[in-house]
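Source file: final32.txt (compact mmCIF, C-alpha atoms)
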```txt
# COMPACT_ATOMS: atom_id res chain seq x y z
CA MET K 183 -24.17 68.28 24.24
CA LYS K 184 -26.03 65.01 24.20
CA ARG K 185 -23.90 62.13 25.41
CA ILE K 186 -23.58 59.58 22.57
CA PHE K 187 -22.41 56.73 24.68
CA SER K 188 -23.67 56.28 28.18
CA ILE K 189 -21.28 54.61 30.57
CA LYS K 190 -23.56 51.57 30.67
CA ARG K 191 -23.49 51.20 26.91
CA LEU K 192 -19.71 51.63 26.90
CA VAL K 193 -19.26 48.79 29.41
CA ILE K 194 -21.47 46.48 27.32
CA LEU K 195 -19.53 47.34 24.15
CA VAL K 196 -16.14 46.65 25.78
CA SER K 197 -17.27 43.30 27.18
CA LEU K 198 -18.67 42.29 23.79
CA LEU K 199 -15.38 43.11 22.13
CA SER K 200 -13.39 41.04 24.64
CA VAL K 201 -15.66 38.01 24.10
CA THR K 202 -15.44 38.11 20.32
CA SER K 203 -11.66 38.52 20.33
CA SER K 204 -11.14 35.32 22.39
CA TYR K 205 -13.28 33.23 19.96
CA ALA K 206 -10.98 32.10 17.12
CA ALA K 207 -12.46 31.38 13.71
CA PRO K 208 -13.16 27.70 13.02
CA ARG K 209 -10.56 25.99 10.89
CA VAL K 210 -10.54 22.83 8.85
CA GLU K 211 -7.57 20.49 8.97
CA LEU K 212 -6.85 17.22 7.23
CA PHE K 213 -5.85 14.02 9.01
CA GLU K 214 -4.63 10.86 7.29
CA ILE K 215 -6.26 8.02 9.16
CA GLU K 216 -5.10 4.46 9.78
CA GLY K 217 -7.58 1.84 10.97
CA LEU K 218 -10.59 2.25 8.67
CA ILE K 219 -10.90 -1.45 8.13
CA SER K 220 -14.62 -2.27 8.19
CA PRO K 221 -17.92 -0.59 7.27
CA ALA K 222 -18.50 0.31 10.93
CA SER K 223 -15.15 2.08 11.23
CA PRO K 224 -15.87 5.56 9.77
CA LYS K 225 -19.15 5.99 11.62
CA ALA K 226 -17.63 4.91 14.93
CA LEU K 227 -14.72 7.29 14.51
CA THR K 228 -16.72 10.36 13.46
CA ALA K 229 -19.41 9.83 16.11
CA GLU K 230 -16.84 9.51 18.92
CA LEU K 231 -14.82 12.49 17.74
CA GLU K 232 -17.86 14.75 17.45
CA SER K 233 -19.17 13.73 20.83
CA ARG K 234 -15.87 13.91 22.75
CA LEU K 235 -14.36 17.05 21.27
CA LYS K 236 -17.36 18.92 19.88
CA VAL K 237 -15.72 19.13 16.46
CA LYS K 238 -17.38 18.70 13.10
CA VAL K 239 -16.27 16.04 10.62
CA VAL K 240 -16.69 17.70 7.26
CA ASP K 241 -15.53 15.01 4.85
CA LEU K 242 -13.99 11.55 4.62
CA ASN K 243 -11.99 11.04 1.44
CA LEU K 244 -11.45 7.30 1.09
CA LYS K 245 -9.98 6.86 -2.34
CA ARG K 246 -9.04 10.10 -4.03
CA SER K 247 -6.35 11.33 -1.67
CA ALA K 248 -2.87 12.06 -2.99
CA SER K 249 -1.11 9.65 -0.64
CA GLY K 250 -3.52 6.73 -0.84
CA TRP K 251 -4.48 7.02 2.84
CA PRO K 252 -8.07 7.97 3.76
CA VAL K 253 -8.24 11.64 4.71
CA LEU K 254 -10.60 13.01 7.35
CA SER K 255 -11.44 16.73 7.21
CA ILE K 256 -12.27 18.10 10.65
CA GLU K 257 -13.58 21.57 11.45
CA PHE K 258 -12.73 22.79 14.94
CA ASP K 259 -12.30 25.92 17.03
CA SER K 260 -8.56 26.43 17.10
CA GLY K 261 -8.89 28.68 20.14
CA GLN K 262 -10.10 25.76 22.22
CA ILE K 263 -8.68 22.62 20.61
CA THR K 264 -5.36 21.91 18.97
CA ARG K 265 -4.46 19.50 16.24
CA LYS K 266 -2.42 17.49 18.72
CA THR K 267 -5.47 17.04 20.96
CA ILE K 268 -7.45 15.68 18.04
CA GLU K 269 -4.64 13.28 17.11
CA GLN K 270 -4.37 12.03 20.67
CA THR K 271 -8.12 11.55 20.90
CA ILE K 272 -8.21 9.61 17.64
CA ALA K 273 -5.59 7.24 19.04
CA THR K 274 -7.86 6.38 21.99
CA ILE K 275 -10.96 5.54 19.94
CA GLU K 276 -11.82 1.94 19.00
CA ASP K 277 -14.34 0.70 16.46
CA PRO K 278 -16.97 -1.92 17.46
CA ALA K 279 -14.59 -4.77 16.53
CA GLY K 280 -11.84 -3.39 18.74
CA HIS K 281 -9.63 -1.98 15.97
CA LYS K 282 -7.80 1.15 16.95
CA TYR K 283 -7.38 4.26 14.87
CA ARG K 284 -4.29 6.38 14.40
CA VAL K 285 -3.25 9.46 12.48
CA HIS K 286 -0.80 8.36 9.85
CA THR K 287 2.58 10.04 9.99
CA GLY K 288 5.64 9.55 7.86
CA PRO K 289 5.87 8.83 4.14
CA PRO K 290 2.81 7.65 2.21
CA MET K 291 4.26 4.19 1.74
CA ASN K 292 5.80 2.15 4.51
CA ASN K 293 7.89 -0.13 2.34
CA ALA K 294 11.58 0.15 3.07
CA PRO K 295 13.84 0.30 0.03
CA TYR K 296 15.59 -2.91 -0.98
CA THR K 297 18.53 -3.79 1.27
CA GLU K 298 22.01 -4.25 -0.11
CA GLU K 299 21.65 -8.01 0.21
CA GLU K 300 18.41 -8.00 -1.79
CA ASN K 301 19.88 -5.77 -4.48
CA LYS K 302 22.80 -8.14 -4.81
CA ALA K 303 20.45 -11.11 -5.08
CA ILE K 304 18.35 -9.35 -7.72
CA ALA K 305 21.45 -8.43 -9.68
CA MET K 306 22.62 -12.04 -9.62
CA LEU K 307 19.34 -13.81 -10.20
CA GLY K 308 17.06 -10.93 -11.05
CA PRO K 309 14.21 -10.69 -13.54
CA VAL K 310 14.67 -11.76 -17.11
CA ALA K 311 14.67 -8.88 -19.59
CA PRO K 312 11.34 -8.65 -21.43
CA ASP K 313 11.19 -9.55 -25.09
CA ILE K 314 8.94 -6.74 -26.37
CA ALA K 315 7.61 -6.91 -29.92
CA VAL K 316 7.05 -3.78 -31.97
CA LEU K 317 3.29 -3.43 -32.26
CA THR K 318 0.84 -0.73 -33.31
CA ASN K 319 -2.53 -0.32 -31.71
CA PRO K 320 -5.10 -1.69 -34.15
CA VAL K 321 -7.99 -0.07 -32.20
CA ASP K 322 -8.76 3.56 -32.96
CA ALA K 323 -8.89 5.91 -29.99
CA SER K 324 -12.58 6.66 -30.57
CA ASN K 325 -14.91 7.82 -27.82
CA ASP K 326 -16.29 4.29 -27.57
CA SER K 327 -12.83 2.81 -27.12
CA LEU K 328 -11.91 5.46 -24.54
CA GLY K 329 -15.15 4.82 -22.68
CA ARG K 330 -14.50 1.07 -22.54
CA GLY K 331 -10.89 1.67 -21.61
CA LYS K 332 -11.85 4.05 -18.81
CA LYS K 333 -14.29 1.55 -17.35
CA MET K 334 -11.71 -1.25 -17.37
CA PHE K 335 -8.99 1.04 -16.05
CA GLU K 336 -11.17 2.02 -13.10
CA GLN K 337 -12.09 -1.56 -12.44
CA TYR K 338 -8.68 -3.21 -12.74
CA CYS K 339 -5.89 -0.64 -12.64
CA THR K 340 -6.82 2.06 -10.16
CA THR K 341 -6.24 -0.11 -7.10
CA CYS K 342 -2.50 0.18 -7.69
CA HIS K 343 -2.02 2.98 -10.19
CA GLY K 344 -4.62 5.33 -8.72
CA LEU K 345 -7.56 7.02 -10.40
CA ASP K 346 -5.32 9.58 -12.05
CA GLY K 347 -2.49 7.17 -12.89
CA SER K 348 -0.23 8.71 -10.25
CA GLY K 349 0.85 5.36 -8.81
CA HIS K 350 -0.74 6.12 -5.45
CA GLY K 351 -3.58 3.64 -5.40
CA PRO K 352 -4.65 2.09 -2.08
CA ALA K 353 -2.90 -1.20 -2.84
CA ALA K 354 0.31 0.50 -3.92
CA HIS K 355 1.54 0.45 -0.36
CA GLY K 356 1.88 -3.31 -0.53
CA ILE K 357 4.13 -3.19 -3.52
CA THR K 358 7.84 -2.85 -3.20
CA THR K 359 8.41 -1.62 -6.74
CA PHE K 360 6.42 1.59 -6.99
CA PRO K 361 3.51 1.31 -9.48
CA ARG K 362 4.33 3.25 -12.55
CA GLN K 363 2.96 6.74 -13.04
CA LEU K 364 0.87 6.28 -16.13
CA TRP K 365 0.35 9.93 -17.00
CA VAL K 366 3.87 9.88 -18.49
CA TRP K 367 2.30 8.15 -21.52
CA ASN K 368 0.03 11.09 -22.20
CA ASN K 369 -0.26 11.61 -25.94
CA SER K 370 2.68 9.31 -26.64
CA ASP K 371 2.99 8.03 -30.17
CA SER K 372 2.59 4.50 -31.49
CA SER K 373 6.11 3.50 -30.47
CA ALA K 374 4.80 3.08 -26.92
CA ASP K 375 2.03 0.68 -27.94
CA GLY K 376 4.05 -2.53 -27.98
CA TYR K 377 5.74 -1.67 -24.70
CA LEU K 378 2.45 -1.00 -22.89
CA PHE K 379 0.80 -4.02 -24.48
CA TRP K 380 3.59 -6.31 -23.31
CA TYR K 381 3.45 -5.11 -19.72
CA ILE K 382 -0.32 -5.27 -19.48
CA THR K 383 -0.31 -8.77 -21.01
CA ASN K 384 2.58 -10.29 -19.07
CA GLY K 385 2.75 -8.21 -15.92
CA ARG K 386 5.95 -7.52 -14.09
CA ASN K 387 7.03 -8.14 -10.48
CA GLU K 388 3.82 -7.66 -8.49
CA MET K 389 1.74 -6.52 -11.47
CA PRO K 390 -0.49 -9.38 -12.58
CA PRO K 391 -0.52 -10.62 -16.19
CA TRP K 392 -3.78 -9.09 -17.35
CA GLY K 393 -3.54 -11.01 -20.59
CA LEU K 394 -5.16 -13.88 -18.71
CA ILE K 395 -8.27 -11.82 -18.05
CA LEU K 396 -8.54 -9.09 -20.68
CA SER K 397 -8.94 -9.81 -24.36
CA GLU K 398 -6.56 -8.19 -26.84
CA ASN K 399 -9.07 -5.53 -27.82
CA ASP K 400 -9.74 -4.79 -24.16
CA ARG K 401 -6.05 -4.21 -23.57
CA TRP K 402 -5.82 -1.89 -26.54
CA ASP K 403 -8.83 0.06 -25.25
CA VAL K 404 -7.08 0.44 -21.90
CA ILE K 405 -3.93 1.65 -23.65
CA ASN K 406 -5.96 4.23 -25.56
CA TYR K 407 -7.35 5.48 -22.25
CA ILE K 408 -3.95 5.49 -20.51
CA LYS K 409 -2.68 7.87 -23.17
CA THR K 410 -5.32 10.41 -22.16
CA LEU K 411 -4.26 10.55 -18.49
CA THR K 412 -2.68 13.81 -17.44
CA LYS K 413 -0.57 14.75 -14.45
CA GLN K 414 -2.65 16.24 -11.66
CA GLU K 415 -1.21 19.46 -10.24
CA MET D 191 3.02 -6.51 15.08
CA ALA D 192 6.57 -7.30 16.16
CA SER D 193 5.20 -9.60 18.86
CA ASN D 194 3.57 -11.78 16.17
CA ILE D 195 6.89 -12.59 14.55
CA LYS D 196 8.95 -15.55 15.72
CA PRO D 197 12.34 -16.61 14.40
CA PRO D 198 12.24 -19.05 11.47
CA ARG D 199 12.85 -22.77 11.86
CA ILE D 200 14.36 -25.15 9.33
CA ARG D 201 14.07 -28.88 8.82
CA VAL D 202 15.92 -31.21 6.49
CA ALA D 203 16.13 -34.99 6.24
CA ARG D 204 18.45 -36.65 8.74
CA LYS D 205 20.11 -38.90 6.20
CA ILE D 206 21.27 -37.32 3.00
CA LYS D 207 23.54 -38.97 0.50
CA LYS D 208 25.86 -37.14 -1.80
CA ASP D 209 24.15 -35.83 -4.97
CA GLN D 210 20.75 -36.70 -3.54
CA VAL D 211 17.92 -34.19 -4.12
CA PHE D 212 16.52 -33.39 -0.72
CA LYS D 213 13.72 -31.22 0.63
CA VAL D 214 14.27 -28.20 2.84
CA LYS D 215 11.29 -27.06 4.89
CA VAL D 216 11.25 -23.67 6.52
CA ARG D 217 8.58 -22.33 8.79
CA PHE D 218 8.47 -18.63 9.55
CA GLU D 219 5.85 -17.08 11.83
CA HIS D 220 5.30 -13.73 10.22
CA PRO D 221 2.00 -11.96 9.45
CA SER D 222 0.95 -11.25 5.90
CA PHE D 223 -1.65 -8.60 5.29
CA THR D 224 -2.41 -6.27 2.42
CA GLY D 225 -3.53 -3.57 4.83
CA LEU D 226 -6.67 -2.95 2.77
CA GLY D 227 -10.14 -2.51 4.21
CA GLN D 228 -13.60 -2.16 2.85
CA VAL D 229 -15.63 0.53 4.55
CA ASP D 230 -18.14 1.42 1.88
CA ILE D 231 -19.35 -1.94 0.61
CA GLU D 232 -22.75 -0.77 -0.60
CA THR D 233 -22.01 2.28 -2.72
CA ASN D 234 -18.37 1.72 -3.59
CA PRO D 235 -17.01 -1.79 -3.01
CA ALA D 236 -13.40 -1.01 -3.99
CA PHE D 237 -10.83 -1.37 -1.23
CA ASN D 238 -9.28 1.50 0.69
CA ARG D 239 -6.03 1.64 2.63
CA ALA D 240 -6.67 0.75 6.26
CA ILE D 241 -3.36 -0.06 7.96
CA PRO D 242 0.25 -0.33 6.81
CA VAL D 243 0.96 -3.41 4.75
CA THR D 244 3.16 -6.17 6.12
CA PHE D 245 4.55 -9.20 4.35
CA ILE D 246 7.68 -11.24 3.67
CA ARG D 247 9.27 -9.64 0.65
CA ASN D 248 12.18 -11.92 -0.16
CA MET D 249 13.46 -15.32 0.88
CA LEU D 250 17.08 -15.91 -0.08
CA VAL D 251 18.65 -19.37 0.01
CA TYR D 252 22.39 -19.80 0.41
CA TYR D 253 24.22 -23.07 0.10
CA ASP D 254 27.78 -22.82 1.41
CA ASP D 255 27.44 -19.02 1.44
CA GLU D 256 26.59 -18.99 -2.25
CA LEU D 257 23.21 -17.59 -3.22
CA VAL D 258 21.29 -20.33 -5.02
CA THR D 259 17.76 -18.96 -5.25
CA ARG D 260 15.53 -16.01 -4.39
CA PHE D 261 11.81 -16.25 -3.71
CA ASN D 262 10.21 -12.88 -4.42
CA MET D 263 6.94 -12.78 -2.46
CA THR D 264 3.99 -10.46 -1.97
CA SER D 265 1.22 -10.05 0.59
CA ALA D 266 -0.65 -12.82 -1.24
CA ILE D 267 1.47 -15.32 0.71
CA ALA D 268 -0.31 -16.74 3.76
CA ASP D 269 0.37 -15.78 7.36
CA ASN D 270 3.04 -17.94 9.02
CA PRO D 271 4.03 -19.77 5.86
CA LEU D 272 5.61 -23.19 5.64
CA LEU D 273 7.86 -23.13 2.60
CA THR D 274 9.39 -26.19 0.97
CA PHE D 275 11.97 -26.35 -1.74
CA LYS D 276 14.51 -28.83 -3.04
CA LEU D 277 18.27 -28.74 -3.27
CA LYS D 278 20.88 -31.11 -4.60
CA ALA D 279 23.37 -32.22 -1.97
CA VAL D 280 26.57 -31.49 -3.85
CA LYS D 281 28.70 -30.84 -0.79
CA GLU D 282 28.72 -30.88 2.97
CA ALA D 283 28.01 -27.27 3.83
CA PRO D 284 25.41 -25.21 5.63
CA VAL D 285 22.12 -24.26 4.02
CA LYS D 286 21.10 -20.79 5.12
CA VAL D 287 17.69 -19.22 4.55
CA VAL D 288 17.27 -15.47 4.92
CA PHE D 289 13.91 -13.70 5.19
CA ILE D 290 13.49 -9.99 4.58
CA ASN D 291 10.13 -8.29 5.05
CA ASN D 292 8.79 -5.11 3.47
CA ALA D 293 10.05 -3.05 6.38
CA GLY D 294 13.59 -4.18 5.60
CA GLU D 295 13.83 -6.39 8.72
CA ARG D 296 15.90 -9.53 8.37
CA TRP D 297 15.86 -13.02 9.91
CA GLU D 298 17.97 -16.04 9.11
CA VAL D 299 18.17 -19.71 9.97
CA SER D 300 20.65 -22.32 8.86
CA LYS D 301 21.36 -26.04 9.05
CA ASP D 302 24.50 -27.99 8.29
CA ILE D 303 24.23 -30.68 5.64
CA LYS D 304 26.22 -33.81 6.48
CA PHE D 305 26.28 -36.87 4.27
CA SER D 306 25.24 -40.20 5.69
CA ALA D 307 27.19 -43.33 4.97
```
As structure tokens, what does this structure read like?
Amino acid sequence: MKRIFSIKRLVILVSLLSVTSSYAAPRVELFEIEGLISPASPKALTAELESRLKVKVVDLNLKRSASGWPVLSIEFDSGQITRKTIEQTIATIEDPAGHKYRVHTGPPMNNAPYTEEENKAIAMLGPVAPDIAVLTNPVDASNDSLGRGKKMFEQYCTTCHGLDGSGHGPAAHGITTFPRQLWVWNNSDSSADGYLFWYITNGRNEMPPWGLILSENDRWDVINYIKTLTKQE
Amino acid sequence: MASNIKPPRIRVARKIKKDQVFKVKVRFEHPSFTGLGQVDIETNPAFNRAIPVTFIRNMLVYYDDELVTRFNMTSAIADNPLLTFKLKAVKEAPVKVVFINNAGERWEVSKDIKFSA
């Protein structure tokens, strides 16, 4: 009977199998990054990471992340490098201006809740209740109005309220009172119009009074657009 | 960041008469930063989150242990602010100023008000 496998071929096959089993498949993990402060920052970070650890930076999501922090997607061989190694390496890298990077841990926002003393002070001297008039939106929610509203929303509102109205915009971290989640107004009826109009016009706490910048029709266009926002799953 | 913060200092006029309106000046060395950066100026100039935000959130003023005013602040306030406000000298009692930052940390400084002849 003809031998199918010579001993030489068998040895080669076994050694091939042992090599392939020790090579783990590449995986992609996400890292929330602190320290991306200037235009040179992302390039400096990705170049250093790729050269030191032989990983591949797949994507840098600056503004559309759920938490508001920039998210770096890194592909690496999990058989050779661990997530912890990558985190430790990131902490040792500096950008050209000397700013350090760090992987963000903990909650998305670093603001502590109000202390008991502050709550007491707010209760004693706290904000005056708004005097909201009952109004109906005089601007139809046409495609033109929604288009204008979307443009203004992206220009003025997304910094705090986020692109999807989730309240997780990049500037939201600097605000003690969490920016409102605007998708709750999805398809609401005209009873919400006066309420939204008042808040956009007069602001509240850290929200600026946009009535100083946006005309009445502009504000109504923005309200029409806000009512189309939906909760992102 | 903690090393940038120094305890607040307070200054009031040396001679205050009863019922006189006097100035209180408070200096607090505390950083104030939105934490925003701009990494993609050319294609998308909107800001992105760079580092955690830090700022003085509230300044509470007590006169004889009674809360008289609250200054609600944001990161728009300058670094190391010098804050001035006025009070009416209705009694001889300490004026206490309390600072609380967005991390919930607290500092206070006080000065006794004594009437001059």
### Query
atom CA of D:Asp255 to atom CA of D:Ile195: how many Å, to one decimal?
25.2 Å
### Task
Counting only C-alpha atoms, collect the residues of chain K whose closest atom lies at most 10 Å from chain D, and write them out as a PyMOL selection string.
chain K and resi 215-225+243-246+249-252+283-284+286+290-297+299-300+302-304+306-308+336-337+340-341+351-358+387-388
Selection near D:Ala203, 12 Å with only C-alpha atoms, sequence-local residues under 2 positions removed, as a PDB file with C-alpha atoms, in the coordinates of the input:
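Generated output (out-v9.pdb):
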```pdb
ATOM      1  CA  ILE D 200      14.360 -25.150   9.330  1.00  0.00           C
ATOM      2  CA  ARG D 201      14.070 -28.880   8.820  1.00  0.00           C
ATOM      3  CA  LYS D 205      20.110 -38.900   6.200  1.00  0.00           C
ATOM      4  CA  ILE D 206      21.270 -37.320   3.000  1.00  0.00           C
ATOM      5  CA  LYS D 207      23.540 -38.970   0.500  1.00  0.00           C
ATOM      6  CA  GLN D 210      20.750 -36.700  -3.540  1.00  0.00           C
ATOM      7  CA  VAL D 211      17.920 -34.190  -4.120  1.00  0.00           C
ATOM      8  CA  PHE D 212      16.520 -33.390  -0.720  1.00  0.00           C
ATOM      9  CA  LYS D 213      13.720 -31.220   0.630  1.00  0.00           C
ATOM     10  CA  VAL D 214      14.270 -28.200   2.840  1.00  0.00           C
ATOM     11  CA  LYS D 215      11.290 -27.060   4.890  1.00  0.00           C
ATOM     12  CA  LYS D 276      14.510 -28.830  -3.040  1.00  0.00           C
ATOM     13  CA  LEU D 277      18.270 -28.740  -3.270  1.00  0.00           C
ATOM     14  CA  ALA D 279      23.370 -32.220  -1.970  1.00  0.00           C
ATOM     15  CA  LYS D 301      21.360 -26.040   9.050  1.00  0.00           C
ATOM     16  CA  ASP D 302      24.500 -27.990   8.290  1.00  0.00           C
ATOM     17  CA  ILE D 303      24.230 -30.680   5.640  1.00  0.00           C
ATOM     18  CA  LYS D 304      26.220 -33.810   6.480  1.00  0.00           C
ATOM     19  CA  PHE D 305      26.280 -36.870   4.270  1.00  0.00           C
ATOM     20  CA  SER D 306      25.240 -40.200   5.690  1.00  0.00           C
TER      21      SER D 306
END
```
### Query
Given the choices D:Val280, D:Ile267, D:Phe289, D:Pro197, which gets closest to D:Asp254 if the distance is worked out from only C-alpha atoms?
D:Val280
### Task
Measuring atom to atom with all atoms listed in the file, identify which of D:Val287, D:Val299, D:Ser222, D:Glu256 is nearest to D:Phe275.
D:Val287
### Task
Could you check how far atom CA of K:Gly261 sits from atom CA of K:Thr287, in Å to one decimal?
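Taking atom CA of K:Gly261 and atom CA of K:Thr287, their separation equals 24.1 Å.
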### Task
Calculate how many Å separate atom CA of K:Thr383 from atom CA of K:Asp400, rounding to one decimal.
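Atom CA of K:Thr383 sits 10.7 Å away from atom CA of K:Asp400.
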#### Entry: Contacts of K:Thr410 within 10 Å, only C-alpha atoms, excl. fewer than 4 positions in-chain, as a list in words
Ala323, Leu328, Lys332, Leu364, Trp365, Val366, Trp367, Asn368, Asn369, Ser370, Ile405 and Asn406 of chain K
Export of prior selection with C-alpha atoms as a PDB file, in the frame of the given file:
```pdb
ATOM      1  CA  ALA K 323      -8.890   5.910 -29.990  1.00  0.00           C
ATOM      2  CA  LEU K 328     -11.910   5.460 -24.540  1.00  0.00           C
ATOM      3  CA  LYS K 332     -11.850   4.050 -18.810  1.00  0.00           C
ATOM      4  CA  LEU K 364       0.870   6.280 -16.130  1.00  0.00           C
ATOM      5  CA  TRP K 365       0.350   9.930 -17.000  1.00  0.00           C
ATOM      6  CA  VAL K 366       3.870   9.880 -18.490  1.00  0.00           C
ATOM      7  CA  TRP K 367       2.300   8.150 -21.520  1.00  0.00           C
ATOM      8  CA  ASN K 368       0.030  11.090 -22.200  1.00  0.00           C
ATOM      9  CA  ASN K 369      -0.260  11.610 -25.940  1.00  0.00           C
ATOM     10  CA  SER K 370       2.680   9.310 -26.640  1.00  0.00           C
ATOM     11  CA  ILE K 405      -3.930   1.650 -23.650  1.00  0.00           C
ATOM     12  CA  ASN K 406      -5.960   4.230 -25.560  1.00  0.00           C
TER      13      ASN K 406
END
```
### Message
At a cut-off of 6 Å around the point (-14.7, 22.7, 10.8) (file coordinates), what residues fall inside when counting all atoms listed in the file? I'd like the answer as a ChimeraX atom specification.
### Response
/K:208-210,238,256-258
Go ahead and write the residues just picked, C-alpha atoms, as a PDB file, in the coordinates of the input.
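Writing done, so here's part.pdb:
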```
ATOM      1  CA  PRO K 208     -13.160  27.700  13.020  1.00  0.00           C
ATOM      2  CA  ARG K 209     -10.560  25.990  10.890  1.00  0.00           C
ATOM      3  CA  VAL K 210     -10.540  22.830   8.850  1.00  0.00           C
ATOM      4  CA  LYS K 238     -17.380  18.700  13.100  1.00  0.00           C
ATOM      5  CA  ILE K 256     -12.270  18.100  10.650  1.00  0.00           C
ATOM      6  CA  GLU K 257     -13.580  21.570  11.450  1.00  0.00           C
ATOM      7  CA  PHE K 258     -12.730  22.790  14.940  1.00  0.00           C
TER       8      PHE K 258
END
```
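Using only C-alpha atoms, the smallest distance between any of K:Lys266, K:Arg330, K:Lys409, K:Arg234 and K:Asp371 comes from K:Lys409.
Distances from D:Ile246, D:Lys208, D:Lys281, D:Trp297 to D:Lys196 were compared using only C-alpha atoms, and the smallest one belongs to D:Trp297.
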For stretch 257-274 of chain D of the structure just presented, write N, CA and C atoms to a file, as a PDB file, in the first residue's frame.
```
ATOM      1  N   LEU D 257     -26.679  82.261  55.243  1.00  0.00           N
ATOM      2  CA  LEU D 257     -26.377  82.344  53.814  1.00  0.00           C
ATOM      3  C   LEU D 257     -27.012  83.605  53.239  1.00  0.00           C
ATOM      4  N   VAL D 258     -26.176  84.466  52.640  1.00  0.00           N
ATOM      5  CA  VAL D 258     -26.732  85.707  52.086  1.00  0.00           C
ATOM      6  C   VAL D 258     -26.737  85.712  50.559  1.00  0.00           C
ATOM      7  N   THR D 259     -25.825  84.995  49.928  1.00  0.00           N
ATOM      8  CA  THR D 259     -25.858  84.968  48.477  1.00  0.00           C
ATOM      9  C   THR D 259     -25.125  83.747  47.938  1.00  0.00           C
ATOM     10  N   ARG D 260     -25.469  83.382  46.722  1.00  0.00           N
ATOM     11  CA  ARG D 260     -24.795  82.253  46.050  1.00  0.00           C
ATOM     12  C   ARG D 260     -24.429  82.712  44.641  1.00  0.00           C
ATOM     13  N   PHE D 261     -23.161  82.532  44.301  1.00  0.00           N
ATOM     14  CA  PHE D 261     -22.706  82.829  42.942  1.00  0.00           C
ATOM     15  C   PHE D 261     -22.568  81.486  42.223  1.00  0.00           C
ATOM     16  N   ASN D 262     -23.418  81.280  41.227  1.00  0.00           N
ATOM     17  CA  ASN D 262     -23.382  80.037  40.464  1.00  0.00           C
ATOM     18  C   ASN D 262     -22.501  80.267  39.243  1.00  0.00           C
ATOM     19  N   MET D 263     -21.363  79.579  39.169  1.00  0.00           N
ATOM     20  CA  MET D 263     -20.384  79.889  38.120  1.00  0.00           C
ATOM     21  C   MET D 263     -20.192  78.715  37.165  1.00  0.00           C
ATOM     22  N   THR D 264     -19.566  78.991  36.052  1.00  0.00           N
ATOM     23  CA  THR D 264     -19.252  77.969  35.049  1.00  0.00           C
ATOM     24  C   THR D 264     -17.773  78.070  34.685  1.00  0.00           C
ATOM     25  N   SER D 265     -17.366  77.265  33.727  1.00  0.00           N
ATOM     26  CA  SER D 265     -15.961  77.301  33.301  1.00  0.00           C
ATOM     27  C   SER D 265     -15.644  78.560  32.504  1.00  0.00           C
ATOM     28  N   ALA D 266     -16.632  79.424  32.283  1.00  0.00           N
ATOM     29  CA  ALA D 266     -16.362  80.698  31.615  1.00  0.00           C
ATOM     30  C   ALA D 266     -15.627  81.665  32.530  1.00  0.00           C
ATOM     31  N   ILE D 267     -15.664  81.418  33.837  1.00  0.00           N
ATOM     32  CA  ILE D 267     -14.929  82.261  34.782  1.00  0.00           C
ATOM     33  C   ILE D 267     -13.431  82.056  34.543  1.00  0.00           C
ATOM     34  N   ALA D 268     -12.660  83.122  34.762  1.00  0.00           N
ATOM     35  CA  ALA D 268     -11.219  83.059  34.518  1.00  0.00           C
ATOM     36  C   ALA D 268     -10.520  82.142  35.517  1.00  0.00           C
ATOM     37  N   ASP D 269      -9.292  81.757  35.165  1.00  0.00           N
ATOM     38  CA  ASP D 269      -8.409  81.098  36.135  1.00  0.00           C
ATOM     39  C   ASP D 269      -8.126  82.078  37.269  1.00  0.00           C
ATOM     40  N   ASN D 270      -7.954  81.531  38.464  1.00  0.00           N
ATOM     41  CA  ASN D 270      -7.520  82.328  39.629  1.00  0.00           C
ATOM     42  C   ASN D 270      -8.298  83.636  39.780  1.00  0.00           C
ATOM     43  N   PRO D 271      -9.602  83.547  39.917  1.00  0.00           N
ATOM     44  CA  PRO D 271     -10.404  84.772  39.887  1.00  0.00           C
ATOM     45  C   PRO D 271     -10.254  85.623  41.148  1.00  0.00           C
ATOM     46  N   LEU D 272     -10.411  86.931  40.931  1.00  0.00           N
ATOM     47  CA  LEU D 272     -10.544  87.868  42.042  1.00  0.00           C
ATOM     48  C   LEU D 272     -11.996  88.337  42.010  1.00  0.00           C
ATOM     49  N   LEU D 273     -12.730  87.992  43.045  1.00  0.00           N
ATOM     50  CA  LEU D 273     -14.167  88.288  43.056  1.00  0.00           C
ATOM     51  C   LEU D 273     -14.464  89.355  44.087  1.00  0.00           C
ATOM     52  N   THR D 274     -15.295  90.303  43.710  1.00  0.00           N
ATOM     53  CA  THR D 274     -15.631  91.419  44.609  1.00  0.00           C
ATOM     54  C   THR D 274     -17.142  91.533  44.704  1.00  0.00           C
TER      55      THR D 274
END
```
